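Visitor: Pasting in a structure now, in structure tokens, and then I'll have a few things to ask.
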Amino acid sequence: MVETLTTLRELEDSLSEEEKAILAVLGQVGAATPAELAVKTFSLPEEINDPLLSLKEKQLIDVRQVKGRLGGDLVTLNERALRLQRELQVSRRVK
Amino acid sequence: MIVLNTIATWLAGVPWGLYLLAGGASLVLAVSEVVSSFELDPVRALRTWGSTLLLLLNVTMAVLILALMRSLGTAGDSPWVALTVGLGLPTVVRTRFTVMKPLPGTAGSEGVEIRLDELYDRLQSFCRRRIDVALAGQRVRMVEQAMDRLALDDLERKARLLLEGGLVVTASQASGYVDKILDQQEYDEERKRMLLSFAILNYGGHGMLEEMLKSAKAKPPA
């Protein structure tokens, strides 16, 4: 089901500043570990745990496992988040 | 023998030059897309499997669309058409090709259309995600090397230069970030090295961390 612009705006309004910062970073780098996301937002890894959990609950990010010593989670934007960024960018440009 | 002759005759009649032109132009377009989308790390991005897939996808789509246009009679054997298909692929792929028109007077029917845009968009997103994940994996591996071979003092010095020097990063939170990491009593040295390595990699780039790793390798062991 395709979400309307109003729904996407409501979703954007429900995001905290930390969540928006994480989405913006993921928009730039595409995929990152939580530690890298923390560095990119000048936070500590434990400070972004809650925003990441919230973004996952809002179905805006996907978390996959990576191998290696730093192995663990790799966070990516999912289709919904990409659409949110695309649609809101377009609607702002039109305004 | 007859079958082989038929195939040979058919192959001889195919204007390979046109397909080569369309595919080549589309390839150039795809390379420029990857370079501009991953401008921080274009060479590494181009070396990933996702990128190879994306380039192949663009070439295949250009060749497929040109073949479709020629078979439907909407394109002649002009090299300009082939060039337009290759360079204008993102637009051309959104064209709806009607292969069967409805009979006159048929209500509510739009004929049989071939739509390639959704398939193209999905495959393109898949390739981009593969590139993103591959680049993130490479960054993780580089940080692992830095954690193994670089001393905390060296990492701290470089991170301070980047974040507190104000040359590369001007954000207000940047100035106290190195202290914020180092002041964490519960963090062991490895965790601090990891975060500082990520900071150097993200704000100084691959080249800077690579340079540090090279000079660490060149130093004689203490």
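Simple scheme: letters A, B, ... for chains in structure tokens order, numbers from 1 for residues in each chain, numbers from 1 for ligands in the order shown.
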Please build the interface table for chain A against chain B with a cut-off of 12 Å, listing for each qualifying residue the nearest atom pair and the distance in Å to one decimal; count only C-alpha atoms, order rows by chain and increasing number, and write it as a tab-separated table.
Guide:
residue	atom	partner	partner_atom	distance
A:Val25	CA	B:Asn202	CA	11.1
A:Leu26	CA	B:Asp132	CA	9.8
A:Gly27	CA	B:Asp132	CA	10.4
A:Gln28	CA	B:Phe38	CA	8.8
A:Val29	CA	B:Asp132	CA	6.9
A:Gly30	CA	B:Asp132	CA	5.0
A:Ala31	CA	B:Asp132	CA	5.4
A:Ala32	CA	B:Ala136	CA	5.6
A:Thr33	CA	B:Ala136	CA	7.7
A:Pro34	CA	B:Leu195	CA	10.7
A:Ala35	CA	B:Leu195	CA	6.8
A:Glu36	CA	B:Phe198	CA	6.0
A:Leu37	CA	B:Phe198	CA	9.4
A:Ala38	CA	B:Leu195	CA	8.6
A:Val39	CA	B:Ala199	CA	5.9
A:Lys40	CA	B:Asn202	CA	7.3
A:Thr41	CA	B:Gln173	CA	8.8
A:Phe42	CA	B:Tyr177	CA	6.2
A:Ser43	CA	B:Tyr177	CA	7.9
A:Leu44	CA	B:Ile181	CA	7.3
A:Pro45	CA	B:Leu195	CA	9.0
A:Glu46	CA	B:Tyr187	CA	11.4
A:Asp62	CA	B:Arg129	CA	11.4
A:Val63	CA	B:Val133	CA	11.3
A:Arg64	CA	B:Val133	CA	9.8
A:Gln65	CA	B:Val133	CA	10.8
A:Val66	CA	B:Gly137	CA	7.8
A:Lys67	CA	B:Gly137	CA	8.9
A:Gly68	CA	B:Arg141	CA	7.8
A:Arg69	CA	B:Glu144	CA	7.2
A:Leu70	CA	B:Val140	CA	7.0
A:Gly71	CA	B:Val140	CA	8.5
A:Gly72	CA	B:Val140	CA	10.8
A:Asp73	CA	B:Gly137	CA	11.0
A:Leu74	CA	B:Val133	CA	8.0
A:Val75	CA	B:Val133	CA	9.1
A:Thr76	CA	B:Val133	CA	8.2
A:Leu77	CA	B:Arg129	CA	9.1
A:Asn78	CA	B:Arg129	CA	9.6
A:Glu79	CA	B:Ser125	CA	9.1
A:Leu82	CA	B:Ser125	CA	10.0
A:Arg83	CA	B:Ser125	CA	11.8
Visitor: Restrict the selected residues to N, CA and C atoms and save them as a CSV table (one decimal), in the first residue's frame.
Guide:
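part-v8.csv, written as the output of this step:
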chain,number,residue,atom,x,y,z
A,25,VAL,N,22.4,10.7,8.1
A,25,VAL,CA,23.7,10.1,7.9
A,25,VAL,C,23.5,8.8,7.0
A,26,LEU,N,22.5,8.0,7.3
A,26,LEU,CA,22.3,6.8,6.4
A,26,LEU,C,22.0,7.2,5.0
A,27,GLY,N,21.3,8.3,4.8
A,27,GLY,CA,21.1,8.8,3.5
A,27,GLY,C,22.4,9.1,2.7
A,28,GLN,N,23.4,9.6,3.5
A,28,GLN,CA,24.7,9.9,2.9
A,28,GLN,C,25.6,8.7,2.6
A,29,VAL,N,25.7,7.8,3.7
A,29,VAL,CA,26.6,6.7,3.6
A,29,VAL,C,26.0,5.4,3.1
A,30,GLY,N,24.7,5.3,3.2
A,30,GLY,CA,23.9,4.1,2.7
A,30,GLY,C,23.8,3.0,3.8
A,31,ALA,N,25.0,2.6,4.3
A,31,ALA,CA,25.0,1.6,5.3
A,31,ALA,C,26.1,1.9,6.3
A,32,ALA,N,25.9,1.6,7.6
A,32,ALA,CA,26.9,1.9,8.6
A,32,ALA,C,26.6,1.0,9.9
A,33,THR,N,27.7,0.8,10.6
A,33,THR,CA,27.5,0.1,11.9
A,33,THR,C,27.0,1.1,12.9
A,34,PRO,N,26.4,0.7,14.0
A,34,PRO,CA,26.0,1.6,15.1
A,34,PRO,C,27.1,2.5,15.6
A,35,ALA,N,28.3,1.9,15.7
A,35,ALA,CA,29.5,2.7,16.2
A,35,ALA,C,29.8,3.8,15.2
A,36,GLU,N,29.7,3.5,13.9
A,36,GLU,CA,30.0,4.5,12.9
A,36,GLU,C,28.9,5.6,12.9
A,37,LEU,N,27.7,5.2,13.1
A,37,LEU,CA,26.6,6.1,13.2
A,37,LEU,C,26.8,7.0,14.4
A,38,ALA,N,27.2,6.5,15.5
A,38,ALA,CA,27.4,7.3,16.7
A,38,ALA,C,28.5,8.3,16.4
A,39,VAL,N,29.6,7.9,15.7
A,39,VAL,CA,30.7,8.9,15.4
A,39,VAL,C,30.2,10.0,14.5
A,40,LYS,N,29.4,9.6,13.5
A,40,LYS,CA,28.9,10.6,12.5
A,40,LYS,C,27.9,11.6,13.2
A,41,THR,N,27.3,11.2,14.3
A,41,THR,CA,26.3,12.1,14.9
A,41,THR,C,26.9,12.7,16.2
A,42,PHE,N,28.2,12.5,16.4
A,42,PHE,CA,29.0,12.9,17.6
A,42,PHE,C,28.3,12.4,18.9
A,43,SER,N,27.9,11.2,18.9
A,43,SER,CA,27.3,10.6,20.1
A,43,SER,C,28.1,9.4,20.5
A,44,LEU,N,27.8,8.8,21.6
A,44,LEU,CA,28.4,7.5,22.0
A,44,LEU,C,27.5,6.4,21.5
A,45,PRO,N,28.0,5.2,21.2
A,45,PRO,CA,27.2,4.1,20.7
A,45,PRO,C,25.9,3.9,21.6
A,46,GLU,N,26.1,3.9,22.9
A,46,GLU,CA,24.9,3.6,23.7
A,46,GLU,C,23.8,4.7,23.7
A,62,ASP,N,16.7,-1.2,8.3
A,62,ASP,CA,16.9,-2.6,8.3
A,62,ASP,C,18.2,-2.9,9.0
A,63,VAL,N,18.3,-3.9,9.8
A,63,VAL,CA,19.5,-4.2,10.5
A,63,VAL,C,19.9,-5.6,10.1
A,64,ARG,N,21.2,-5.7,9.5
A,64,ARG,CA,21.6,-7.1,9.1
A,64,ARG,C,23.0,-7.3,9.8
A,65,GLN,N,23.3,-8.6,9.9
A,65,GLN,CA,24.5,-9.0,10.6
A,65,GLN,C,25.7,-9.0,9.7
A,66,VAL,N,26.8,-8.5,10.2
A,66,VAL,CA,28.1,-8.6,9.4
A,66,VAL,C,29.1,-9.4,10.2
A,67,LYS,N,30.0,-10.0,9.4
A,67,LYS,CA,31.1,-10.9,10.1
A,67,LYS,C,32.2,-10.0,10.5
A,68,GLY,N,33.2,-10.6,11.2
A,68,GLY,CA,34.4,-9.9,11.6
A,68,GLY,C,34.4,-9.6,13.0
A,69,ARG,N,35.6,-9.0,13.5
A,69,ARG,CA,35.8,-8.8,14.9
A,69,ARG,C,34.8,-7.7,15.4
A,70,LEU,N,34.6,-6.7,14.5
A,70,LEU,CA,33.6,-5.6,14.9
A,70,LEU,C,32.2,-6.1,14.5
A,71,GLY,N,32.1,-7.3,14.1
A,71,GLY,CA,30.8,-7.9,13.6
A,71,GLY,C,29.6,-7.6,14.5
A,72,GLY,N,28.5,-7.8,13.9
A,72,GLY,CA,27.3,-7.4,14.6
A,72,GLY,C,26.4,-6.8,13.6
A,73,ASP,N,25.9,-5.6,14.0
A,73,ASP,CA,24.8,-5.0,13.1
A,73,ASP,C,25.3,-4.0,12.1
A,74,LEU,N,24.7,-4.1,10.9
A,74,LEU,CA,24.9,-3.1,9.9
A,74,LEU,C,23.6,-2.5,9.6
A,75,VAL,N,23.5,-1.2,9.7
A,75,VAL,CA,22.2,-0.6,9.6
A,75,VAL,C,22.0,0.1,8.2
A,76,THR,N,20.9,-0.2,7.6
A,76,THR,CA,20.6,0.5,6.2
A,76,THR,C,19.2,1.1,6.2
A,77,LEU,N,19.0,2.0,5.4
A,77,LEU,CA,17.6,2.6,5.2
A,77,LEU,C,16.8,1.5,4.4
A,78,ASN,N,15.5,1.4,4.7
A,78,ASN,CA,14.7,0.5,3.9
A,78,ASN,C,13.9,1.3,2.9
A,79,GLU,N,13.1,0.6,2.2
A,79,GLU,CA,12.3,1.3,1.1
A,79,GLU,C,11.4,2.4,1.6
A,82,LEU,N,13.6,5.5,2.3
A,82,LEU,CA,14.0,6.1,1.1
A,82,LEU,C,12.9,6.9,0.5
A,83,ARG,N,11.7,6.3,0.6
A,83,ARG,CA,10.5,7.0,0.0
A,83,ARG,C,10.2,8.3,0.8
Visitor: Go through stretch 109-181 of chain B and collect every residue that DSSP, computed from the backbone, puts in alpha helix (DSSP H); the answer should be as a ChimeraX atom specification.
Guide: /B:117-149,152-164,177-181
Visitor: Which neighbours of stretch 53-55 of chain A fall inside 10 Å, counting only C-alpha atoms, when residues of the same chain fewer than 4 positions from it are skipped, and could you give them as an MDAnalysis selection string?
Guide: chainID A and resid 15:16 19:20 22:23 48:49 59:62 77 81
Visitor: For those residues, write N, CA, C and O atoms to a file as a JSON list (two decimals), in the first residue's frame.
Guide:
[["chain", "number", "residue", "atom", "x", "y", "z"],
["A", 15, "LEU", "N", 9.44, 11.96, 14.38],
["A", 15, "LEU", "CA", 10.85, 11.60, 14.58],
["A", 15, "LEU", "C", 11.55, 12.60, 15.50],
["A", 15, "LEU", "O", 11.33, 13.81, 15.40],
["A", 16, "SER", "N", 12.40, 12.08, 16.38],
["A", 16, "SER", "CA", 13.19, 12.96, 17.25],
["A", 16, "SER", "C", 14.37, 13.51, 16.45],
["A", 16, "SER", "O", 14.66, 13.04, 15.34],
["A", 19, "GLU", "N", 16.84, 10.81, 15.74],
["A", 19, "GLU", "CA", 16.39, 9.90, 14.68],
["A", 19, "GLU", "C", 16.57, 10.54, 13.30],
["A", 19, "GLU", "O", 17.02, 9.88, 12.35],
["A", 20, "LYS", "N", 16.27, 11.83, 13.22],
["A", 20, "LYS", "CA", 16.45, 12.53, 11.93],
["A", 20, "LYS", "C", 17.92, 12.58, 11.55],
["A", 20, "LYS", "O", 18.27, 12.40, 10.37],
["A", 22, "ILE", "N", 20.24, 10.43, 12.37],
["A", 22, "ILE", "CA", 20.65, 9.08, 11.93],
["A", 22, "ILE", "C", 20.18, 8.82, 10.50],
["A", 22, "ILE", "O", 20.94, 8.32, 9.66],
["A", 23, "LEU", "N", 18.92, 9.19, 10.21],
["A", 23, "LEU", "CA", 18.40, 8.98, 8.84],
["A", 23, "LEU", "C", 19.21, 9.79, 7.83],
["A", 23, "LEU", "O", 19.49, 9.31, 6.73],
["A", 48, "ILE", "N", 22.80, 6.12, 20.98],
["A", 48, "ILE", "CA", 21.94, 6.00, 19.80],
["A", 48, "ILE", "C", 21.17, 4.67, 19.77],
["A", 48, "ILE", "O", 20.47, 4.39, 18.81],
["A", 49, "ASN", "N", 21.32, 3.88, 20.83],
["A", 49, "ASN", "CA", 20.57, 2.61, 20.87],
["A", 49, "ASN", "C", 19.07, 2.81, 20.81],
["A", 49, "ASN", "O", 18.37, 2.16, 20.03],
["A", 59, "GLN", "N", 9.75, 1.05, 11.25],
["A", 59, "GLN", "CA", 10.03, 0.37, 9.98],
["A", 59, "GLN", "C", 10.71, 1.27, 8.96],
["A", 59, "GLN", "O", 10.34, 1.34, 7.80],
["A", 60, "LEU", "N", 11.72, 2.00, 9.46],
["A", 60, "LEU", "CA", 12.47, 2.88, 8.57],
["A", 60, "LEU", "C", 13.88, 2.37, 8.30],
["A", 60, "LEU", "O", 14.53, 2.81, 7.35],
["A", 61, "ILE", "N", 14.35, 1.47, 9.15],
["A", 61, "ILE", "CA", 15.70, 0.93, 8.91],
["A", 61, "ILE", "C", 15.68, -0.61, 8.94],
["A", 61, "ILE", "O", 14.80, -1.21, 9.56],
["A", 62, "ASP", "N", 16.67, -1.18, 8.27],
["A", 62, "ASP", "CA", 16.88, -2.63, 8.33],
["A", 62, "ASP", "C", 18.20, -2.86, 9.03],
["A", 62, "ASP", "O", 19.14, -2.07, 8.87],
["A", 77, "LEU", "N", 18.99, 2.01, 5.37],
["A", 77, "LEU", "CA", 17.63, 2.55, 5.21],
["A", 77, "LEU", "C", 16.82, 1.54, 4.42],
["A", 77, "LEU", "O", 17.35, 0.90, 3.52],
["A", 81, "ALA", "N", 11.92, 4.36, 4.28],
["A", 81, "ALA", "CA", 12.73, 5.53, 4.62],
["A", 81, "ALA", "C", 13.20, 6.24, 3.36],
["A", 81, "ALA", "O", 13.21, 7.47, 3.30]]
Visitor: Excluding stretch 71-88 of chain B and its own-chain neighbours fewer than 3 positions away, which residues fall within 8 Å of it when counting only C-alpha atoms? Please give them as a PDB file with N, CA and C atoms, in the first residue's frame.
Guide:
ATOM      1  N   PRO B  15      22.422  -5.209 -36.512  1.00  0.00           N
ATOM      2  CA  PRO B  15      23.325  -4.043 -36.537  1.00  0.00           C
ATOM      3  C   PRO B  15      24.077  -3.909 -35.205  1.00  0.00           C
ATOM      4  N   LEU B  18      25.044  -0.493 -33.639  1.00  0.00           N
ATOM      5  CA  LEU B  18      24.017   0.301 -32.939  1.00  0.00           C
ATOM      6  C   LEU B  18      23.885  -0.137 -31.482  1.00  0.00           C
ATOM      7  N   TYR B  19      23.876  -1.475 -31.288  1.00  0.00           N
ATOM      8  CA  TYR B  19      23.743  -1.999 -29.910  1.00  0.00           C
ATOM      9  C   TYR B  19      24.972  -1.641 -29.072  1.00  0.00           C
ATOM     10  N   LEU B  21      26.799   0.972 -29.518  1.00  0.00           N
ATOM     11  CA  LEU B  21      26.711   2.412 -29.242  1.00  0.00           C
ATOM     12  C   LEU B  21      25.757   2.672 -28.071  1.00  0.00           C
ATOM     13  N   ALA B  22      24.580   2.032 -28.129  1.00  0.00           N
ATOM     14  CA  ALA B  22      23.591   2.221 -27.055  1.00  0.00           C
ATOM     15  C   ALA B  22      24.144   1.706 -25.724  1.00  0.00           C
ATOM     16  N   GLY B  23      24.730   0.492 -25.769  1.00  0.00           N
ATOM     17  CA  GLY B  23      25.286  -0.107 -24.540  1.00  0.00           C
ATOM     18  C   GLY B  23      26.447   0.706 -23.993  1.00  0.00           C
ATOM     19  N   GLY B  24      27.314   1.169 -24.896  1.00  0.00           N
ATOM     20  CA  GLY B  24      28.476   1.954 -24.466  1.00  0.00           C
ATOM     21  C   GLY B  24      28.069   3.275 -23.835  1.00  0.00           C
ATOM     22  N   ALA B  25      27.115   3.963 -24.477  1.00  0.00           N
ATOM     23  CA  ALA B  25      26.650   5.246 -23.940  1.00  0.00           C
ATOM     24  C   ALA B  25      26.006   5.037 -22.577  1.00  0.00           C
ATOM     25  N   SER B  26      25.247   3.959 -22.462  1.00  0.00           N
ATOM     26  CA  SER B  26      24.580   3.649 -21.198  1.00  0.00           C
ATOM     27  C   SER B  26      25.605   3.308 -20.106  1.00  0.00           C
ATOM     28  N   LEU B  27      26.683   2.643 -20.515  1.00  0.00           N
ATOM     29  CA  LEU B  27      27.760   2.292 -19.582  1.00  0.00           C
ATOM     30  C   LEU B  27      28.420   3.559 -19.028  1.00  0.00           C
ATOM     31  N   LEU B  29      27.089   6.461 -18.844  1.00  0.00           N
ATOM     32  CA  LEU B  29      26.105   7.115 -17.974  1.00  0.00           C
ATOM     33  C   LEU B  29      26.086   6.463 -16.591  1.00  0.00           C
ATOM     34  N   VAL B  59      23.670  -1.587 -19.332  1.00  0.00           N
ATOM     35  CA  VAL B  59      23.978  -2.003 -20.710  1.00  0.00           C
ATOM     36  C   VAL B  59      22.864  -2.908 -21.237  1.00  0.00           C
ATOM     37  N   ALA B  62      19.673  -0.954 -21.997  1.00  0.00           N
ATOM     38  CA  ALA B  62      19.786  -0.135 -23.214  1.00  0.00           C
ATOM     39  C   ALA B  62      19.644  -1.010 -24.457  1.00  0.00           C
ATOM     40  N   ILE B  65      15.990  -2.283 -24.742  1.00  0.00           N
ATOM     41  CA  ILE B  65      15.044  -1.247 -25.179  1.00  0.00           C
ATOM     42  C   ILE B  65      15.246  -0.919 -26.658  1.00  0.00           C
ATOM     43  N   LEU B  66      16.499  -0.862 -27.081  1.00  0.00           N
ATOM     44  CA  LEU B  66      16.761  -0.588 -28.503  1.00  0.00           C
ATOM     45  C   LEU B  66      16.192  -1.711 -29.372  1.00  0.00           C
ATOM     46  N   ALA B  67      16.375  -2.957 -28.912  1.00  0.00           N
ATOM     47  CA  ALA B  67      15.846  -4.107 -29.665  1.00  0.00           C
ATOM     48  C   ALA B  67      14.318  -4.043 -29.717  1.00  0.00           C
ATOM     49  N   LEU B  68      13.710  -3.678 -28.589  1.00  0.00           N
ATOM     50  CA  LEU B  68      12.250  -3.559 -28.503  1.00  0.00           C
ATOM     51  C   LEU B  68      11.744  -2.467 -29.443  1.00  0.00           C
ATOM     52  N   THR B  91      15.200   7.965 -18.676  1.00  0.00           N
ATOM     53  CA  THR B  91      13.922   8.483 -19.173  1.00  0.00           C
ATOM     54  C   THR B  91      13.264   7.462 -20.100  1.00  0.00           C
ATOM     55  N   VAL B  92      14.075   6.910 -20.994  1.00  0.00           N
ATOM     56  CA  VAL B  92      13.534   5.966 -21.985  1.00  0.00           C
ATOM     57  C   VAL B  92      12.925   4.744 -21.301  1.00  0.00           C
ATOM     58  N   VAL B  99       2.473  -3.165 -27.152  1.00  0.00           N
ATOM     59  CA  VAL B  99       2.727  -4.192 -28.168  1.00  0.00           C
ATOM     60  C   VAL B  99       1.445  -4.629 -28.883  1.00  0.00           C
TER      61      VAL B  99
END
Visitor: Interatomic distance between atom CA of B:Leu57 and atom CA of B:Arg70?
Guide: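 Computing the Euclidean distance for atom CA of B:Leu57 and atom CA of B:Arg70 yields 19.8 Å.
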Visitor: Report, in Å to a single decimal, how far apart atom CA of B:Ser51 and atom CA of B:Phe126 are.
Guide: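 Between atom CA of B:Phe126 and atom CA of B:Ser51 the gap is 10.4 Å.
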Visitor: In Å to one decimal, how far is atom CA of A:Lys56 from atom CA of A:Leu84?
Guide: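 Atom-to-atom, atom CA of A:Leu84 and atom CA of A:Lys56 are spaced 14.5 Å apart.
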Visitor: Could you write out, as a list in words, all the residues of stretch 21-174 of chain B that DSSP marks as strand (DSSP E)?
Guide: Phe97, Thr98, Val99, Met100, Val112, Glu113 and Ile114 of chain B
Visitor: Residues as selected, N, CA and C atoms, written as a compact mmCIF listing (two decimals), in the first residue's frame, can you do that?
Guide:
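Just written: result19.txt:
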# COMPACT_ATOMS: atom_id res chain seq x y z
N PHE B 97 5.76 0.72 -23.69
CA PHE B 97 5.72 0.19 -25.05
C PHE B 97 4.44 -0.62 -25.23
N THR B 98 3.56 -0.14 -26.13
CA THR B 98 2.32 -0.86 -26.39
C THR B 98 2.56 -1.87 -27.50
N VAL B 99 2.47 -3.17 -27.15
CA VAL B 99 2.73 -4.19 -28.17
C VAL B 99 1.45 -4.63 -28.88
N MET B 100 0.30 -4.46 -28.20
CA MET B 100 -0.98 -4.79 -28.85
C MET B 100 -1.98 -3.68 -28.54
N VAL B 112 -1.97 -4.01 -24.60
CA VAL B 112 -0.95 -4.71 -23.81
C VAL B 112 0.33 -3.88 -23.79
N GLU B 113 0.75 -3.52 -22.58
CA GLU B 113 1.92 -2.66 -22.48
C GLU B 113 3.06 -3.39 -21.77
N ILE B 114 4.27 -3.04 -22.19
CA ILE B 114 5.44 -3.57 -21.49
C ILE B 114 6.02 -2.42 -20.66
